[in-house]
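What follows is the content of coords27.cif (mmCIF, C-alpha atoms and all ligand atoms).
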```cif
data_coords
#
loop_
_atom_site.label_atom_id
_atom_site.label_comp_id
_atom_site.auth_asym_id
_atom_site.auth_seq_id
_atom_site.Cartn_x
_atom_site.Cartn_y
_atom_site.Cartn_z
CA MET A 28 17.65 -16.41 18.10
CA GLN A 29 16.84 -12.71 17.57
CA ASP A 30 13.69 -11.00 18.69
CA GLY A 31 11.82 -11.13 15.40
CA LEU A 32 12.07 -14.87 14.96
CA GLU A 33 11.38 -15.56 18.59
CA THR A 34 8.17 -13.65 18.15
CA ALA A 35 7.47 -15.52 14.94
CA THR A 36 7.99 -18.87 16.65
CA ARG A 37 5.81 -17.89 19.55
CA VAL A 38 2.99 -16.75 17.33
CA ASP A 39 2.82 -19.54 14.75
CA SER A 40 3.53 -22.45 17.07
CA LYS A 41 0.13 -21.99 18.70
CA THR A 42 -2.67 -24.19 17.47
CA PRO A 43 -5.58 -21.92 16.58
CA PRO A 44 -8.19 -22.84 19.18
CA HIS A 45 -11.24 -22.31 16.98
CA HIS A 46 -10.33 -24.89 14.32
CA PRO A 47 -11.06 -28.52 15.15
CA PRO A 48 -8.37 -31.12 14.33
CA GLY A 49 -8.59 -32.55 10.82
CA ILE A 50 -9.47 -29.25 9.19
CA HIS A 51 -6.66 -27.92 7.01
CA VAL A 52 -5.83 -24.46 8.28
CA LYS A 53 -3.94 -22.02 6.09
CA HIS A 54 -1.67 -19.54 7.84
CA ALA A 55 -0.82 -16.07 6.55
CA PHE A 56 1.03 -13.13 8.11
CA VAL A 57 2.10 -9.53 7.94
CA VAL A 58 5.81 -8.99 8.68
CA GLY A 59 7.36 -5.68 9.61
CA HIS A 60 9.42 -3.99 12.29
CA PRO A 61 7.65 -2.63 14.25
CA ILE A 62 4.35 -4.34 13.46
CA ALA A 63 1.91 -3.55 16.28
CA HIS A 64 0.43 -0.56 14.37
CA SER A 65 -0.58 -2.65 11.33
CA ARG A 66 -4.31 -2.70 10.46
CA SER A 67 -3.85 -5.66 8.10
CA PRO A 68 -4.79 -8.30 10.75
CA LEU A 69 -8.07 -6.47 11.33
CA ILE A 70 -8.86 -6.53 7.60
CA HIS A 71 -7.88 -10.14 6.87
CA ASN A 72 -9.43 -11.57 10.02
CA TYR A 73 -12.68 -9.77 9.15
CA TRP A 74 -12.63 -11.47 5.73
CA LEU A 75 -11.71 -14.88 7.18
CA LYS A 76 -14.72 -14.68 9.46
CA ALA A 77 -17.08 -13.21 6.83
CA ASN A 78 -16.19 -16.04 4.43
CA ALA A 79 -16.11 -18.80 7.12
CA ILE A 80 -12.57 -19.79 6.10
CA ALA A 81 -10.39 -21.96 8.33
CA GLY A 82 -7.32 -19.76 8.33
CA THR A 83 -5.18 -17.44 10.39
CA TYR A 84 -3.54 -14.09 9.68
CA GLU A 85 -1.01 -12.90 12.24
CA PRO A 86 1.29 -9.92 12.77
CA ILE A 87 4.93 -11.04 13.07
CA ASP A 88 7.73 -8.74 14.13
CA VAL A 89 10.84 -9.64 12.13
CA LEU A 90 14.12 -7.75 12.35
CA PRO A 91 15.78 -6.88 9.00
CA ASP A 92 18.61 -9.38 9.64
CA ASP A 93 16.08 -12.18 10.19
CA LEU A 94 14.11 -11.67 6.99
CA PRO A 95 16.08 -14.26 4.92
CA ALA A 96 15.41 -16.94 7.57
CA PHE A 97 11.75 -15.98 7.60
CA PHE A 98 11.60 -16.52 3.84
CA ASP A 99 12.89 -20.07 4.44
CA ARG A 100 9.97 -20.70 6.77
CA ILE A 101 7.58 -19.71 3.98
CA ARG A 102 9.37 -22.01 1.50
CA GLU A 103 9.11 -24.87 4.03
CA GLY A 104 5.32 -24.49 3.83
CA ARG A 105 4.53 -22.99 7.22
CA TYR A 106 2.64 -20.17 5.52
CA VAL A 107 0.64 -19.74 2.32
CA GLY A 108 1.98 -16.21 2.13
CA GLY A 109 1.49 -12.81 3.66
CA ASN A 110 2.08 -9.11 3.57
CA VAL A 111 5.30 -7.17 3.92
CA THR A 112 5.42 -3.72 5.44
CA LEU A 113 8.08 -1.21 6.47
CA PRO A 114 11.03 -1.53 6.50
CA HIS A 115 11.05 -4.76 4.47
CA LYS A 116 9.42 -3.89 1.12
CA ALA A 117 12.63 -3.46 -0.90
CA ALA A 118 14.48 -6.34 0.83
CA ALA A 119 11.53 -8.67 0.23
CA TYR A 120 11.68 -7.77 -3.45
CA LEU A 121 15.30 -8.99 -3.57
CA LEU A 122 14.61 -12.12 -1.49
CA SER A 123 11.63 -13.27 -3.59
CA ASP A 124 12.36 -16.29 -5.80
CA GLU A 125 9.99 -15.02 -8.46
CA ARG A 126 8.26 -11.71 -9.05
CA GLU A 127 5.19 -10.55 -10.89
CA SER A 128 6.12 -8.18 -13.73
CA LEU A 129 4.33 -5.32 -11.98
CA ALA A 130 6.49 -5.78 -8.87
CA ASP A 131 9.52 -5.68 -11.16
CA SER A 132 8.55 -2.31 -12.62
CA ILE A 133 7.82 -0.92 -9.15
CA GLY A 134 10.91 -2.42 -7.47
CA ALA A 135 9.21 -3.30 -4.18
CA VAL A 136 6.80 -5.97 -2.95
CA ASN A 137 4.09 -5.82 -0.30
CA THR A 138 2.59 -9.27 -0.85
CA LEU A 139 4.20 -12.72 -0.84
CA VAL A 140 2.60 -15.87 -2.21
CA ARG A 141 4.02 -19.37 -1.71
CA LEU A 142 3.71 -21.18 -5.02
CA GLY A 143 3.07 -24.93 -5.34
CA SER A 144 6.78 -25.44 -6.08
CA GLY A 145 7.67 -23.91 -2.70
CA ALA A 146 9.06 -20.78 -4.35
CA VAL A 147 8.04 -17.41 -2.89
CA GLU A 148 6.55 -14.99 -5.40
CA GLY A 149 6.69 -11.26 -4.67
CA ARG A 150 3.81 -9.05 -5.78
CA ASN A 151 2.96 -5.38 -5.44
CA THR A 152 -0.71 -4.71 -4.76
CA ASP A 153 -0.38 -1.00 -3.82
CA TYR A 154 -0.90 -0.37 -7.53
CA LEU A 155 -4.30 -2.10 -7.49
CA GLY A 156 -5.11 -0.54 -4.11
CA PHE A 157 -4.59 2.96 -5.48
CA LEU A 158 -6.72 2.31 -8.57
CA GLY A 159 -9.40 0.40 -6.62
CA ASN A 160 -9.81 3.25 -4.14
CA LEU A 161 -10.33 5.93 -6.78
CA ASP A 162 -12.51 3.67 -8.96
CA GLN A 163 -14.80 3.01 -5.98
CA ASN A 164 -14.89 6.51 -4.53
CA ALA A 165 -14.53 8.75 -7.61
CA PRO A 166 -15.94 6.70 -10.50
CA GLY A 167 -14.74 7.88 -13.92
CA TRP A 168 -11.79 9.78 -12.38
CA SER A 169 -9.34 8.73 -15.10
CA GLU A 170 -11.55 9.47 -18.09
CA ALA A 171 -10.15 12.42 -20.06
CA LEU A 172 -7.52 13.01 -17.37
CA ASN A 173 -4.62 14.85 -18.98
CA GLU A 174 -2.37 16.25 -16.27
CA VAL A 175 -1.71 15.01 -12.74
CA VAL A 176 0.48 16.38 -9.95
CA VAL A 177 2.11 13.76 -7.73
CA LEU A 178 3.83 14.93 -4.53
CA GLY A 179 6.70 12.67 -3.40
CA ALA A 180 9.08 10.17 -4.94
CA GLY A 181 9.31 7.37 -2.36
CA GLY A 182 8.35 3.69 -2.46
CA ALA A 183 4.57 4.14 -2.54
CA CYS A 184 4.91 6.79 -5.23
CA ARG A 185 6.40 4.27 -7.65
CA ALA A 186 3.24 2.15 -7.52
CA VAL A 187 1.08 5.28 -8.02
CA VAL A 188 3.07 6.45 -11.05
CA VAL A 189 2.93 2.98 -12.66
CA ALA A 190 -0.85 2.93 -11.99
CA LEU A 191 -1.32 6.39 -13.56
CA LYS A 192 0.63 5.30 -16.62
CA SER A 193 -1.67 2.27 -16.96
CA ARG A 194 -4.64 4.68 -17.25
CA GLY A 195 -2.97 6.66 -20.06
CA VAL A 196 -2.41 9.94 -18.17
CA ARG A 197 -0.72 12.37 -20.59
CA CYS A 198 1.53 14.26 -18.15
CA ILE A 199 2.60 13.33 -14.63
CA HIS A 200 4.24 16.22 -12.75
CA LEU A 201 6.40 14.48 -10.16
CA LEU A 202 7.31 17.01 -7.47
CA ASN A 203 9.56 16.06 -4.57
CA ARG A 204 11.45 17.76 -1.73
CA THR A 205 14.64 16.12 -3.05
CA ILE A 206 14.51 16.88 -6.77
CA GLY A 207 17.23 14.35 -7.66
CA THR A 208 15.08 11.45 -6.40
CA ALA A 209 12.16 12.58 -8.59
CA GLU A 210 14.48 12.98 -11.58
CA ASP A 211 15.90 9.47 -11.10
CA MET A 212 12.41 8.01 -10.81
CA ALA A 213 11.24 9.82 -13.96
CA ILE A 214 14.13 8.27 -15.92
CA GLU A 215 13.71 4.82 -14.40
CA LEU A 216 9.92 4.52 -14.77
CA GLU A 217 9.94 6.15 -18.25
CA GLY A 218 6.89 7.75 -19.83
CA PRO A 219 5.30 11.21 -19.63
CA ILE A 220 6.84 12.15 -16.27
CA ALA A 221 8.16 15.67 -15.62
CA ALA A 222 10.19 15.89 -12.40
CA GLY A 223 10.40 19.06 -10.33
CA SER A 224 10.53 20.61 -6.88
CA LEU A 225 7.62 21.29 -4.52
CA ALA A 226 8.20 25.02 -5.12
CA GLU A 227 7.01 24.51 -8.71
CA PHE A 228 3.53 23.47 -7.53
CA PRO A 229 1.66 26.70 -8.52
CA LYS A 230 2.92 26.47 -12.11
CA ARG A 231 2.44 22.69 -12.48
CA ALA A 232 -1.00 22.59 -10.81
CA ARG A 233 -2.73 25.00 -13.18
CA ARG A 234 -4.13 22.35 -15.54
CA ALA A 235 -4.06 19.31 -13.24
CA GLY A 236 -7.24 17.26 -12.89
CA LEU A 237 -5.82 15.27 -9.99
CA LEU A 238 -3.42 15.91 -7.08
CA ILE A 239 -1.98 12.94 -5.16
CA ASN A 240 0.06 13.20 -1.98
CA THR A 241 2.38 10.17 -1.74
CA THR A 242 4.72 11.73 0.85
CA SER A 243 4.51 11.05 4.56
CA VAL A 244 3.52 14.69 5.14
CA GLY A 245 0.07 14.67 6.74
CA MET A 246 0.87 11.94 9.28
CA LYS A 247 0.17 13.25 12.76
CA SER A 248 -1.51 16.23 11.02
CA THR A 249 1.73 17.67 9.64
CA ARG A 250 1.35 19.99 6.65
CA PHE A 251 3.28 21.25 3.63
CA ASP A 252 4.88 24.68 3.87
CA GLY A 253 3.20 27.15 1.52
CA LEU A 254 1.50 24.68 -0.83
CA ASP A 255 -1.41 26.72 -2.21
CA LEU A 256 -4.17 24.40 -3.42
CA GLY A 257 -5.91 27.46 -4.86
CA ALA A 258 -3.63 26.94 -7.89
CA LEU A 259 -5.64 23.82 -8.87
CA PRO A 260 -8.63 24.00 -11.25
CA GLN A 261 -11.96 24.08 -9.38
CA ASP A 262 -12.95 20.62 -10.69
CA ALA A 263 -9.73 18.90 -9.59
CA LEU A 264 -9.77 15.80 -7.39
CA VAL A 265 -7.37 15.60 -4.42
CA THR A 266 -6.31 12.33 -2.77
CA ASP A 267 -3.85 11.48 -0.03
CA LEU A 268 -2.10 8.16 0.66
CA VAL A 269 -1.80 9.10 4.32
CA TYR A 270 -4.82 7.88 6.30
CA THR A 271 -3.78 8.71 9.88
CA PRO A 272 -5.52 11.06 10.36
CA LEU A 273 -8.23 10.16 7.88
CA VAL A 274 -8.73 13.81 6.93
CA THR A 275 -5.21 15.17 6.56
CA PRO A 276 -4.58 18.93 6.57
CA LEU A 277 -4.18 18.68 2.77
CA LEU A 278 -7.62 17.07 2.35
CA ALA A 279 -9.17 19.52 4.82
CA GLU A 280 -7.82 22.47 2.84
CA ALA A 281 -9.04 20.94 -0.45
CA ARG A 282 -12.53 20.47 1.00
CA ALA A 283 -12.56 24.05 2.31
CA LEU A 284 -11.84 25.19 -1.27
CA GLY A 285 -14.72 23.08 -2.59
CA LEU A 286 -12.49 20.51 -4.32
CA ARG A 287 -13.46 16.82 -4.44
CA THR A 288 -11.41 14.54 -2.18
CA VAL A 289 -10.77 10.82 -1.60
CA ASP A 290 -8.96 9.71 1.56
CA GLY A 291 -6.23 7.04 1.73
CA LEU A 292 -8.03 4.40 3.78
CA GLY A 293 -9.66 2.87 0.70
CA MET A 294 -6.21 2.20 -0.78
CA LEU A 295 -5.23 0.22 2.31
CA LEU A 296 -8.43 -1.86 2.03
CA HIS A 297 -8.20 -2.45 -1.71
CA GLN A 298 -4.49 -3.39 -1.70
CA ALA A 299 -5.39 -6.25 0.65
CA VAL A 300 -7.85 -7.90 -1.78
CA PRO A 301 -5.43 -9.67 -4.20
CA GLY A 302 -3.35 -11.18 -1.37
CA PHE A 303 -6.35 -12.64 0.44
CA GLU A 304 -7.63 -14.11 -2.82
CA ALA A 305 -4.24 -15.70 -3.59
CA TRP A 306 -3.84 -17.25 -0.10
CA PHE A 307 -7.39 -18.30 0.70
CA GLY A 308 -9.00 -18.73 -2.75
CA VAL A 309 -11.88 -16.28 -2.27
CA LYS A 310 -12.02 -12.72 -3.63
CA PRO A 311 -13.13 -10.64 -0.61
CA GLU A 312 -15.26 -7.51 -0.73
CA VAL A 313 -14.38 -4.04 0.51
CA THR A 314 -17.64 -3.29 2.30
CA ALA A 315 -18.86 -0.25 4.23
CA GLU A 316 -18.84 -2.45 7.36
CA LEU A 317 -15.13 -3.27 6.91
CA ARG A 318 -14.28 0.37 6.31
CA ALA A 319 -16.15 1.39 9.46
CA LEU A 320 -14.32 -1.28 11.46
CA VAL A 321 -10.89 -0.09 10.35
CA GLU A 322 -11.85 3.57 10.64
CA ALA A 323 -12.83 3.00 14.26
CA SER A 324 -9.30 1.69 14.94
CA LEU A 325 -7.50 4.77 13.60
P1 LIG B 401 9.09 6.70 1.70
O1 LIG B 401 9.58 5.76 0.67
O2 LIG B 401 9.87 6.90 2.95
O3 LIG B 401 8.95 8.15 0.97
C1 LIG B 401 8.65 9.30 1.72
C2 LIG B 401 8.39 10.48 0.77
O4 LIG B 401 7.93 11.58 1.58
C3 LIG B 401 9.63 10.98 0.03
O5 LIG B 401 9.25 11.47 -1.24
C4 LIG B 401 10.10 12.14 0.93
O6 LIG B 401 10.84 13.13 0.24
C5 LIG B 401 8.77 12.71 1.34
N1 LIG B 401 8.85 13.50 2.58
C6 LIG B 401 9.09 13.02 3.83
N2 LIG B 401 9.07 14.06 4.71
C7 LIG B 401 8.83 15.19 3.99
C8 LIG B 401 8.67 16.57 4.33
N3 LIG B 401 8.79 16.99 5.60
N4 LIG B 401 8.40 17.44 3.35
C9 LIG B 401 8.26 17.05 2.07
N5 LIG B 401 8.41 15.75 1.68
C10 LIG B 401 8.68 14.83 2.63
O7 LIG B 401 7.61 6.36 2.17
P2 LIG B 401 6.49 5.54 1.36
O8 LIG B 401 6.60 4.08 1.65
O9 LIG B 401 6.50 5.99 -0.06
O10 LIG B 401 5.16 6.03 2.11
C11 LIG B 401 4.72 7.38 2.01
C12 LIG B 401 3.40 7.54 2.75
O11 LIG B 401 2.38 6.79 2.08
C13 LIG B 401 3.43 7.01 4.20
O12 LIG B 401 2.76 7.93 5.01
C14 LIG B 401 2.67 5.70 4.13
O13 LIG B 401 2.02 5.39 5.33
C15 LIG B 401 1.66 6.01 3.02
N6 LIG B 401 1.18 4.80 2.34
C16 LIG B 401 -0.17 4.58 2.36
C17 LIG B 401 -0.67 3.46 1.70
C18 LIG B 401 -2.14 3.22 1.73
O14 LIG B 401 -2.56 2.07 1.54
N7 LIG B 401 -2.96 4.23 1.90
C19 LIG B 401 0.19 2.57 1.03
C20 LIG B 401 1.56 2.84 1.03
C21 LIG B 401 2.04 3.97 1.70
P3 LIG B 401 12.46 13.03 0.10
O15 LIG B 401 12.73 12.15 -1.09
O16 LIG B 401 12.87 14.44 -0.09
O17 LIG B 401 12.96 12.44 1.39
#
```
Write-out of the structure in structure tokens:
Amino acid sequence: MQDGLETATRVDSKTPPHHPPGIHVKHAFVVGHPIAHSRSPLIHNYWLKANAIAGTYEPIDVLPDDLPAFFDRIREGRYVGGNVTLPHKAAAYLLSDERESLADSIGAVNTLVRLGSGAVEGRNTDYLGFLGNLDQNAPGWSEALNEVVVLGAGGACRAVVVALKSRGVRCIHLLNRTIGTAEDMAIELEGPIAAGSLAEFPKRARRAGLLINTTSVGMKSTRFDGLDLGALPQDALVTDLVYTPLVTPLLAEARALGLRTVDGLGMLLHQAVPGFEAWFGVKPEVTAELRALVEASL
């Protein structure tokens, strides 16, 4: 057996010590490779405890080649479902027996739910996480929002663009380092999407009410070359999907210019809500206490 499944066996074969026999315990997971960095166990275990639910949520390291066998374990009923993180989001989309329509339009899943039939349904909750974060931290952000600049054209970006379309944004400027990827995405996702290069930022930003960074730039405090946020209107909102560090260089520059900002941690917290509700039957709350707990782990 390969590493990932050995780890999986080791983890889920343990009987959770805090649940007396006779109590039905539901098991959920986050799978990825690597997985040690994931904050999802912190979030879901906080909610399990806060809601006094007999359940477990464990990180499981699964190699890409072992993902099909892991899906069989879900179908067999060992888990009620779980989360999927890098590098498995696209593969999990293909392996899912059924998919929510939103996951179909995004083309990737981050949440799996075992249905009563034993089938595994793939869902994408990054969409709701993105909207939930801005709704909580910048109420009214999408009212009268005409133009938006989105940086990037990767997996997370797809969920963001679909979410922006759902709020009726009139023009989405999709700017990416590799223009061809942005052009392909604009065609595939359809709608008011104008693809371009990062060099076009000054021109595209002039009337934008919102700037979203969906690239991995900002992780480990990396920054964009020559992206002048001064091109944005003074009332624009700036948000970043990157949350390590919490205040990325992009957000720091926006704040220094007096622009409003929302960090990416809220998206991580809000994307976890629908999964927990599907597995454990309770809609959990994104509280200040939970945010502080996860923030302290960054
Ligand atoms: P991905 O599919 O690998 O896409 C990466 C994107 O970043 C691509 O558009 C890529 O451009 C761009 N990029 C990478 N390095 C660059 C550089 N040096 N300069 C300019 N552009 C660069 O990754 P993803 O899954 O979409 O994730 C993107 C980020 O979002 C990650 O940091 C991830 O942690 C974060 N994220 C956060 C949440 C949350 O809950 N807050 C949720 C999902 C993702 P090319 O096409 O040119 O390569």
Straight-line distance linking atom O13 of ligand LIG 401 (chain B) with CA of Pro91 in chain A, stated in Å to one decimal: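 That distance, rounded to one decimal, is 18.8 Å.
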Residue list as a ChimeraX atom specification for point (-5.4, 15.9, -5.4), cut-off 6 Å, all atoms listed in the file: /A:237-239,264-266
Please identify all protein, DNA and RNA residues within 8 Å of ligand LIG 401 (chain B), counting only C-alpha atoms and all ligand atoms, and report them as an MDAnalysis selection string. chainID A and resid 113 153 156:157 178:185 203:206 208:209 225 240:246 251 267:270 291:298
Keeping C-alpha atoms, export the residues of the selection given above as a short mmCIF file (atom, residue, chain, number, x, y, z; two decimals), keeping the file's coordinate frame.
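What follows is the written file again32.cif:
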```
data_model
loop_
_atom_site.label_atom_id
_atom_site.label_comp_id
_atom_site.auth_asym_id
_atom_site.auth_seq_id
_atom_site.Cartn_x
_atom_site.Cartn_y
_atom_site.Cartn_z
CA LEU A 113 8.08 -1.21 6.47
CA ASP A 153 -0.38 -1.00 -3.82
CA GLY A 156 -5.11 -0.54 -4.11
CA PHE A 157 -4.59 2.96 -5.48
CA LEU A 178 3.83 14.93 -4.53
CA GLY A 179 6.70 12.67 -3.40
CA ALA A 180 9.08 10.17 -4.94
CA GLY A 181 9.31 7.37 -2.36
CA GLY A 182 8.35 3.69 -2.46
CA ALA A 183 4.57 4.14 -2.54
CA CYS A 184 4.91 6.79 -5.23
CA ARG A 185 6.40 4.27 -7.65
CA ASN A 203 9.56 16.06 -4.57
CA ARG A 204 11.45 17.76 -1.73
CA THR A 205 14.64 16.12 -3.05
CA ILE A 206 14.51 16.88 -6.77
CA THR A 208 15.08 11.45 -6.40
CA ALA A 209 12.16 12.58 -8.59
CA LEU A 225 7.62 21.29 -4.52
CA ASN A 240 0.06 13.20 -1.98
CA THR A 241 2.38 10.17 -1.74
CA THR A 242 4.72 11.73 0.85
CA SER A 243 4.51 11.05 4.56
CA VAL A 244 3.52 14.69 5.14
CA GLY A 245 0.07 14.67 6.74
CA MET A 246 0.87 11.94 9.28
CA PHE A 251 3.28 21.25 3.63
CA ASP A 267 -3.85 11.48 -0.03
CA LEU A 268 -2.10 8.16 0.66
CA VAL A 269 -1.80 9.10 4.32
CA TYR A 270 -4.82 7.88 6.30
CA GLY A 291 -6.23 7.04 1.73
CA LEU A 292 -8.03 4.40 3.78
CA GLY A 293 -9.66 2.87 0.70
CA MET A 294 -6.21 2.20 -0.78
CA LEU A 295 -5.23 0.22 2.31
CA LEU A 296 -8.43 -1.86 2.03
CA HIS A 297 -8.20 -2.45 -1.71
CA GLN A 298 -4.49 -3.39 -1.70
#
```
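Residues lying within 10 Å of Ala213 in chain A, counting all atoms listed in the file and ignoring same-chain neighbours fewer than 4 positions away, are A:Ala180, A:Arg185, A:Val188, A:Ile199, A:His200, A:Leu201, A:Gly207, A:Thr208, A:Ala209, A:Glu217, A:Gly218, A:Pro219, A:Ile220, A:Ala221, A:Ala222, A:Gly223.
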Pick out the residues sitting within 9 Å of range 49-64 of chain A, and hand them over as an MDAnalysis selection string; count all atoms listed in the file, and ignore anything fewer than 2 positions along from it in its own chain. chainID A and resid 31 39 43 46:47 66:68 80:91 94 105:116 138 303 306:307
Just write the chosen residues, C-alpha atoms, as an mmCIF file, keeping the file's coordinate frame.
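The new file result30.cif reads:
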```
data_model
loop_
_atom_site.group_PDB
_atom_site.id
_atom_site.type_symbol
_atom_site.label_atom_id
_atom_site.label_comp_id
_atom_site.auth_asym_id
_atom_site.auth_seq_id
_atom_site.Cartn_x
_atom_site.Cartn_y
_atom_site.Cartn_z
ATOM 1 C CA GLY A 31 11.820 -11.130 15.400
ATOM 2 C CA ASP A 39 2.820 -19.540 14.750
ATOM 3 C CA PRO A 43 -5.580 -21.920 16.580
ATOM 4 C CA HIS A 46 -10.330 -24.890 14.320
ATOM 5 C CA PRO A 47 -11.060 -28.520 15.150
ATOM 6 C CA ARG A 66 -4.310 -2.700 10.460
ATOM 7 C CA SER A 67 -3.850 -5.660 8.100
ATOM 8 C CA PRO A 68 -4.790 -8.300 10.750
ATOM 9 C CA ILE A 80 -12.570 -19.790 6.100
ATOM 10 C CA ALA A 81 -10.390 -21.960 8.330
ATOM 11 C CA GLY A 82 -7.320 -19.760 8.330
ATOM 12 C CA THR A 83 -5.180 -17.440 10.390
ATOM 13 C CA TYR A 84 -3.540 -14.090 9.680
ATOM 14 C CA GLU A 85 -1.010 -12.900 12.240
ATOM 15 C CA PRO A 86 1.290 -9.920 12.770
ATOM 16 C CA ILE A 87 4.930 -11.040 13.070
ATOM 17 C CA ASP A 88 7.730 -8.740 14.130
ATOM 18 C CA VAL A 89 10.840 -9.640 12.130
ATOM 19 C CA LEU A 90 14.120 -7.750 12.350
ATOM 20 C CA PRO A 91 15.780 -6.880 9.000
ATOM 21 C CA LEU A 94 14.110 -11.670 6.990
ATOM 22 C CA ARG A 105 4.530 -22.990 7.220
ATOM 23 C CA TYR A 106 2.640 -20.170 5.520
ATOM 24 C CA VAL A 107 0.640 -19.740 2.320
ATOM 25 C CA GLY A 108 1.980 -16.210 2.130
ATOM 26 C CA GLY A 109 1.490 -12.810 3.660
ATOM 27 C CA ASN A 110 2.080 -9.110 3.570
ATOM 28 C CA VAL A 111 5.300 -7.170 3.920
ATOM 29 C CA THR A 112 5.420 -3.720 5.440
ATOM 30 C CA LEU A 113 8.080 -1.210 6.470
ATOM 31 C CA PRO A 114 11.030 -1.530 6.500
ATOM 32 C CA HIS A 115 11.050 -4.760 4.470
ATOM 33 C CA LYS A 116 9.420 -3.890 1.120
ATOM 34 C CA THR A 138 2.590 -9.270 -0.850
ATOM 35 C CA PHE A 303 -6.350 -12.640 0.440
ATOM 36 C CA TRP A 306 -3.840 -17.250 -0.100
ATOM 37 C CA PHE A 307 -7.390 -18.300 0.700
#
```
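From CA of Val140 in chain A back to CA of Leu121 in chain A, the distance works out to 14.5 Å.
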Report, in Å with one decimal, the straight-line distance from CA of Ser224 in chain A to CA of Gly257 in chain A.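 Separation of CA of Ser224 in chain A and CA of Gly257 in chain A: 17.9 Å.
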Residue nearest Ala279 in chain A - candidates A:Ala171, A:Ile70, A:Leu256, A:Leu202, atoms counted: all atoms listed in the file: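 Closest residue, counting all atoms listed in the file: A:Leu256.
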Env of Thr152 in chain A: 9 Å cut, atoms = only C-alpha atoms, seq-sep filter 2 positions within chain, self excluded. Answer as a PyMOL selection string. chain A and resi 129-130+136-138+150+154-157+186+297-302
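Using only C-alpha atoms, the nearest neighbour of Asn78 in chain A within the list A:Ala263, A:Val309, A:Leu161, A:Leu277 is A:Val309.
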Could you check the closest approach to Arg126 in chain A for each of A:Gly149, A:Gly159, A:Gly167, A:Gly253 and tell me which residue wins, using only C-alpha atoms?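 Counting only C-alpha atoms, the residue closest to Arg126 in chain A is A:Gly149.
Considering the residues A:Leu216, A:Val176, A:Leu325, A:Leu75 and counting all atoms listed in the file, Gly236 in chain A has its shortest atom-to-atom contact with A:Val176.
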Residues at most 9 Å from Leu172 in chain A, counting all atoms listed in the file, excluding those fewer than 5 positions away in the same chain, as number ranges by chain? A: 194-197, 235-237
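With only C-alpha atoms as the atoms that count, the residue of A:Ala146, A:Ala119, A:Ile133, A:Ala283 with the shortest distance to Met212 in chain A is A:Ile133.
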Looking at only C-alpha atoms, which of A:Gln163, A:Arg233, A:Cys198, A:Val289 is the one that sits closest to Val175 in chain A?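 Under the stated criterion, the closest residue is A:Cys198.
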